[in-house]
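Beneath this line is the structure, given in structure tokens, with notes to follow.
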Amino acid sequence: MEQKRIAVFASGSGTNAENIFKYFLGNEKIKIDSLWANKSEAYALVRAQKHGVETFVFNRNQFYNTNEIIETLRNRKVDVIVLAGFLWLIPDKLVENFTIINIHPALLPKYGGKGMYGMHVHKAVVENKETHSGITIHYVNQNYDEGKIIFQTQCEVLPNDTPEQLAAKVHALEYEHYPQVIEKVLNRNS
């Protein structure tokens, strides 16, 4: 049986990406094929290289106006693209050619959409005095954070929580659940 292959897309430090690398290390059924970054200074590239994961850097023109990325992913026999802190809107041609999974640091449909990422989300949740937040893992479509929900779980937001404290709770949920949900999706599609 051929291994399922994951391409991880990241824009930033890559903590979720690294967690995914570690989770699938030595997995006989699923392999991390590559890490793709839209910023040459993204620390996710360093994390990937540390784990022996091949890396690619691309620019806005390559992503939106060419088929280079699609062709390379196809040639590498990638089965699924996993977004791990990737901030650009995914172009239709990529959505149409690949299964793409994203994680969002809130309980969608609340606190989703353009500009709602990272600490922006946590600040909004705390400012609105929400009693719960969490994570949403979803398929990617042509709109920010509107794809079909695969999994959600929540954590309590205490009245005195700061955005930073909430972020720590949400990160713990991300690290615990994202790799497992990716594995379930890949096993379901085999």
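So you can find residues: chains in the structure tokens are A, B, ... in the order shown, residues in each start at 1, and ligands are numbered from 1 in order.
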
- Message: I need the residues of chain A that end up classed as helix (DSSP H, G or I) by DSSP on the backbone, written out as a VMD selection string.
- Response: chain A and resid 15 to 24 43 to 50 60 to 65 68 to 75 92 to 97 118 to 127 163 to 188

- For stretch 57-66 of chain A: contacts at 6 Å, only C-alpha atoms, fewer than 4 positions along chain excluded, given as a PyMOL selection string: chain A and resi 36-38

Would you mind listing what lies within 7 Å of A:Phe98 as a PDB file with N, CA and C atoms, in the first residue's frame, with only C-alpha atoms counted and same-chain residues fewer than 2 positions away left out?
ATOM      1  N   VAL A  80      -3.224  15.363   0.195  1.00  0.00           N
ATOM      2  CA  VAL A  80      -3.954  16.391   0.929  1.00  0.00           C
ATOM      3  C   VAL A  80      -3.011  17.546   1.263  1.00  0.00           C
ATOM      4  N   ILE A  81      -3.564  18.746   1.238  1.00  0.00           N
ATOM      5  CA  ILE A  81      -2.826  19.932   1.685  1.00  0.00           C
ATOM      6  C   ILE A  81      -3.373  20.297   3.055  1.00  0.00           C
ATOM      7  N   LEU A  94      -6.588  25.524  -6.868  1.00  0.00           N
ATOM      8  CA  LEU A  94      -6.015  24.623  -5.861  1.00  0.00           C
ATOM      9  C   LEU A  94      -7.139  23.881  -5.135  1.00  0.00           C
ATOM     10  N   VAL A  95      -8.207  24.605  -4.793  1.00  0.00           N
ATOM     11  CA  VAL A  95      -9.362  24.002  -4.122  1.00  0.00           C
ATOM     12  C   VAL A  95      -9.981  22.921  -5.000  1.00  0.00           C
ATOM     13  N   GLU A  96     -10.019  23.159  -6.298  1.00  0.00           N
ATOM     14  CA  GLU A  96     -10.636  22.210  -7.229  1.00  0.00           C
ATOM     15  C   GLU A  96      -9.784  20.963  -7.451  1.00  0.00           C
ATOM     16  N   ILE A 100      -8.140  20.061   0.900  1.00  0.00           N
ATOM     17  CA  ILE A 100      -7.366  21.000   1.712  1.00  0.00           C
ATOM     18  C   ILE A 100      -8.051  21.135   3.062  1.00  0.00           C
TER      19      ILE A 100
END

- Message: Nearest residue to A:Leu173 out of A:Arg47, A:Asp79, A:Asn19, A:Lys39, using only C-alpha atoms?
- Response: A:Asn19

Do you have, as a Markdown table, the list of residues of stretch 121-190 of chain A lying at most 9 Å from stretch 22-35 of chain A, each with its nearest atom pair and that distance in Å to one decimal, counting only C-alpha atoms and ordered by chain then number?
| residue | atom | partner | partner_atom | distance |
| --- | --- | --- | --- | --- |
| A:Pro179 | CA | A:Tyr23 | CA | 6.5 |
| A:Gln180 | CA | A:Tyr23 | CA | 8.4 |
| A:Glu183 | CA | A:Ile30 | CA | 7.8 |
| A:Leu186 | CA | A:Ile30 | CA | 8.0 |
| A:Asn187 | CA | A:Lys29 | CA | 8.6 |

Can I get the residues of stretch 89-125 of chain A within 7 Å of stretch 150-164 of chain A, each with the closest pair of atoms and their distance in Å to one decimal, using only C-alpha atoms, sorted chain first then ascending number, as a tab-separated table?
residue	atom	partner	partner_atom	distance
A:Leu107	CA	A:Gln152	CA	6.8
A:Met119	CA	A:Pro163	CA	6.8
A:His122	CA	A:Pro163	CA	5.0
A:Lys123	CA	A:Pro163	CA	5.1

- Tell me, as a list in words, which residues lie within 7 Å of A:Ala10, counting only C-alpha atoms; anything in the same chain fewer than 6 positions away does not count.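 Returned residues: Trp36, Ala37, Ala44, Leu83, Ala84, Gly85 and Phe86 of chain A.
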
Those selected residues, please, written with C-alpha atoms and delivered as an mmCIF file, in the first residue's frame.
data_model
loop_
_atom_site.group_PDB
_atom_site.id
_atom_site.type_symbol
_atom_site.label_atom_id
_atom_site.label_comp_id
_atom_site.auth_asym_id
_atom_site.auth_seq_id
_atom_site.Cartn_x
_atom_site.Cartn_y
_atom_site.Cartn_z
ATOM 1 C CA TRP A 36 5.388 25.169 1.471
ATOM 2 C CA ALA A 37 5.820 28.761 2.665
ATOM 3 C CA ALA A 44 8.333 26.995 9.647
ATOM 4 C CA LEU A 83 -2.829 24.602 6.249
ATOM 5 C CA ALA A 84 -0.906 25.372 9.439
ATOM 6 C CA GLY A 85 -0.961 29.109 9.947
ATOM 7 C CA PHE A 86 -1.179 29.868 6.241
#

- Tell me, which residues of stretch 53-178 of chain A carry DSSP strand (DSSP E), written as a VMD selection string? chain A and resid 54 to 57 80 to 83 99 to 104 132 to 139 149 to 156

- Task: Can you work out which one of A:Thr72, A:Val181, A:Thr99, A:Lys93 has the shortest atom-to-atom distance to A:Ile135, counting only C-alpha atoms?
- Result: A:Val181

- Query: Which residues, written as a PyMOL selection string, have at least one atom at most 12 Å from A:Thr136, with only C-alpha atoms counted and residues fewer than 2 positions away on the same chain left out?
  - Reply: chain A and resi 101-112+133-134+138-140+145-155+170-171+173-174+177-178+181

Based on the selection just made, write N, CA and C atoms of those residues as an mmCIF file, in the first residue's frame.
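Output below, filename result-v9.cif:
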data_model
loop_
_atom_site.group_PDB
_atom_site.id
_atom_site.type_symbol
_atom_site.label_atom_id
_atom_site.label_comp_id
_atom_site.auth_asym_id
_atom_site.auth_seq_id
_atom_site.Cartn_x
_atom_site.Cartn_y
_atom_site.Cartn_z
ATOM 1 N N ILE A 101 -7.259 21.033 4.125
ATOM 2 C CA ILE A 101 -7.772 21.113 5.494
ATOM 3 C C ILE A 101 -7.118 22.301 6.188
ATOM 4 N N ASN A 102 -7.912 23.021 6.959
ATOM 5 C CA ASN A 102 -7.416 24.165 7.732
ATOM 6 C C ASN A 102 -7.857 24.044 9.184
ATOM 7 N N ILE A 103 -7.121 24.704 10.061
ATOM 8 C CA ILE A 103 -7.533 24.823 11.455
ATOM 9 C C ILE A 103 -7.705 26.298 11.759
ATOM 10 N N HIS A 104 -8.783 26.603 12.488
ATOM 11 C CA HIS A 104 -9.077 27.991 12.859
ATOM 12 C C HIS A 104 -9.174 28.071 14.376
ATOM 13 N N PRO A 105 -8.593 29.123 14.981
ATOM 14 C CA PRO A 105 -8.540 29.202 16.442
ATOM 15 C C PRO A 105 -9.790 29.801 17.086
ATOM 16 N N ALA A 106 -10.956 29.366 16.636
ATOM 17 C CA ALA A 106 -12.229 29.788 17.221
ATOM 18 C C ALA A 106 -13.298 28.800 16.774
ATOM 19 N N LEU A 107 -14.469 28.948 17.368
ATOM 20 C CA LEU A 107 -15.588 28.082 17.016
ATOM 21 C C LEU A 107 -16.371 28.735 15.878
ATOM 22 N N LEU A 108 -16.005 28.369 14.655
ATOM 23 C CA LEU A 108 -16.700 28.922 13.493
ATOM 24 C C LEU A 108 -18.174 28.536 13.554
ATOM 25 N N PRO A 109 -19.071 29.370 13.059
ATOM 26 C CA PRO A 109 -18.828 30.499 12.176
ATOM 27 C C PRO A 109 -18.418 31.798 12.884
ATOM 28 N N LYS A 110 -18.405 31.813 14.207
ATOM 29 C CA LYS A 110 -17.982 33.032 14.912
ATOM 30 C C LYS A 110 -16.488 33.277 14.704
ATOM 31 N N TYR A 111 -16.116 34.527 14.607
ATOM 32 C CA TYR A 111 -14.720 34.968 14.580
ATOM 33 C C TYR A 111 -13.921 34.380 13.422
ATOM 34 N N GLY A 112 -14.568 34.269 12.275
ATOM 35 C CA GLY A 112 -13.885 33.795 11.077
ATOM 36 C C GLY A 112 -13.828 34.896 10.031
ATOM 37 N N SER A 133 -14.416 29.310 23.793
ATOM 38 C CA SER A 133 -13.783 29.421 22.494
ATOM 39 C C SER A 133 -13.303 28.023 22.152
ATOM 40 N N GLY A 134 -12.426 27.904 21.179
ATOM 41 C CA GLY A 134 -11.952 26.567 20.830
ATOM 42 C C GLY A 134 -11.309 26.553 19.464
ATOM 43 N N HIS A 138 -11.608 22.370 9.416
ATOM 44 C CA HIS A 138 -12.579 22.369 8.325
ATOM 45 C C HIS A 138 -11.899 22.186 6.971
ATOM 46 N N TYR A 139 -12.709 21.734 6.010
ATOM 47 C CA TYR A 139 -12.243 21.699 4.634
ATOM 48 C C TYR A 139 -12.196 23.128 4.116
ATOM 49 N N VAL A 140 -11.314 23.372 3.167
ATOM 50 C CA VAL A 140 -11.157 24.703 2.605
ATOM 51 C C VAL A 140 -11.960 24.796 1.313
ATOM 52 N N ASP A 145 -12.560 30.528 5.846
ATOM 53 C CA ASP A 145 -13.205 29.914 7.012
ATOM 54 C C ASP A 145 -14.661 29.516 6.805
ATOM 55 N N GLU A 146 -15.053 29.206 5.574
ATOM 56 C CA GLU A 146 -16.443 28.839 5.316
ATOM 57 C C GLU A 146 -16.618 27.398 4.850
ATOM 58 N N GLY A 147 -15.545 26.625 4.756
ATOM 59 C CA GLY A 147 -15.650 25.248 4.292
ATOM 60 C C GLY A 147 -16.351 24.356 5.314
ATOM 61 N N LYS A 148 -16.741 23.173 4.856
ATOM 62 C CA LYS A 148 -17.461 22.212 5.700
ATOM 63 C C LYS A 148 -16.633 21.876 6.951
ATOM 64 N N ILE A 149 -17.284 21.956 8.099
ATOM 65 C CA ILE A 149 -16.613 21.671 9.381
ATOM 66 C C ILE A 149 -16.425 20.169 9.537
ATOM 67 N N ILE A 150 -15.196 19.784 9.906
ATOM 68 C CA ILE A 150 -14.851 18.390 10.149
ATOM 69 C C ILE A 150 -14.926 18.094 11.649
ATOM 70 N N PHE A 151 -14.426 19.045 12.461
ATOM 71 C CA PHE A 151 -14.297 18.803 13.906
ATOM 72 C C PHE A 151 -14.251 20.133 14.649
ATOM 73 N N GLN A 152 -14.894 20.180 15.798
ATOM 74 C CA GLN A 152 -14.779 21.325 16.705
ATOM 75 C C GLN A 152 -14.641 20.815 18.131
ATOM 76 N N THR A 153 -13.877 21.544 18.933
ATOM 77 C CA THR A 153 -13.848 21.295 20.365
ATOM 78 C C THR A 153 -13.626 22.633 21.048
ATOM 79 N N GLN A 154 -14.010 22.704 22.309
ATOM 80 C CA GLN A 154 -13.988 24.000 22.968
ATOM 81 C C GLN A 154 -13.253 23.988 24.290
ATOM 82 N N CYS A 155 -12.951 25.184 24.736
ATOM 83 C CA CYS A 155 -12.369 25.403 26.048
ATOM 84 C C CYS A 155 -13.129 26.560 26.698
ATOM 85 N N VAL A 170 -6.105 27.517 23.491
ATOM 86 C CA VAL A 170 -6.464 27.130 22.126
ATOM 87 C C VAL A 170 -5.313 26.370 21.467
ATOM 88 N N HIS A 171 -4.070 26.828 21.678
ATOM 89 C CA HIS A 171 -2.915 26.101 21.127
ATOM 90 C C HIS A 171 -2.869 24.671 21.646
ATOM 91 N N LEU A 173 -5.344 22.792 22.442
ATOM 92 C CA LEU A 173 -6.355 22.043 21.679
ATOM 93 C C LEU A 173 -5.864 21.736 20.260
ATOM 94 N N GLU A 174 -5.215 22.728 19.637
ATOM 95 C CA GLU A 174 -4.694 22.523 18.280
ATOM 96 C C GLU A 174 -3.693 21.373 18.256
ATOM 97 N N HIS A 177 -5.456 17.910 18.844
ATOM 98 C CA HIS A 177 -6.461 17.384 17.919
ATOM 99 C C HIS A 177 -6.124 17.452 16.433
ATOM 100 N N TYR A 178 -5.373 18.450 15.986
ATOM 101 C CA TYR A 178 -5.184 18.637 14.543
ATOM 102 C C TYR A 178 -4.558 17.410 13.868
ATOM 103 N N VAL A 181 -7.093 14.483 13.643
ATOM 104 C CA VAL A 181 -8.182 14.700 12.683
ATOM 105 C C VAL A 181 -7.661 14.540 11.254
#

- Rank A:Lys114, A:Ala124, A:Val82, A:His132 by their smallest atom-to-atom distance to A:Val185, using only C-alpha atoms, and report the top residue only.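 Comparing A:Lys114, A:Ala124, A:Val82, A:His132 against A:Val185, the winner is A:Val82.
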
- At what distance in Å, to one decimal, does atom CA of A:Val78 lie from atom CA of A:Ala7?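 According to the coordinates, atom CA of A:Ala7 and atom CA of A:Val78 are separated by 6.4 Å.
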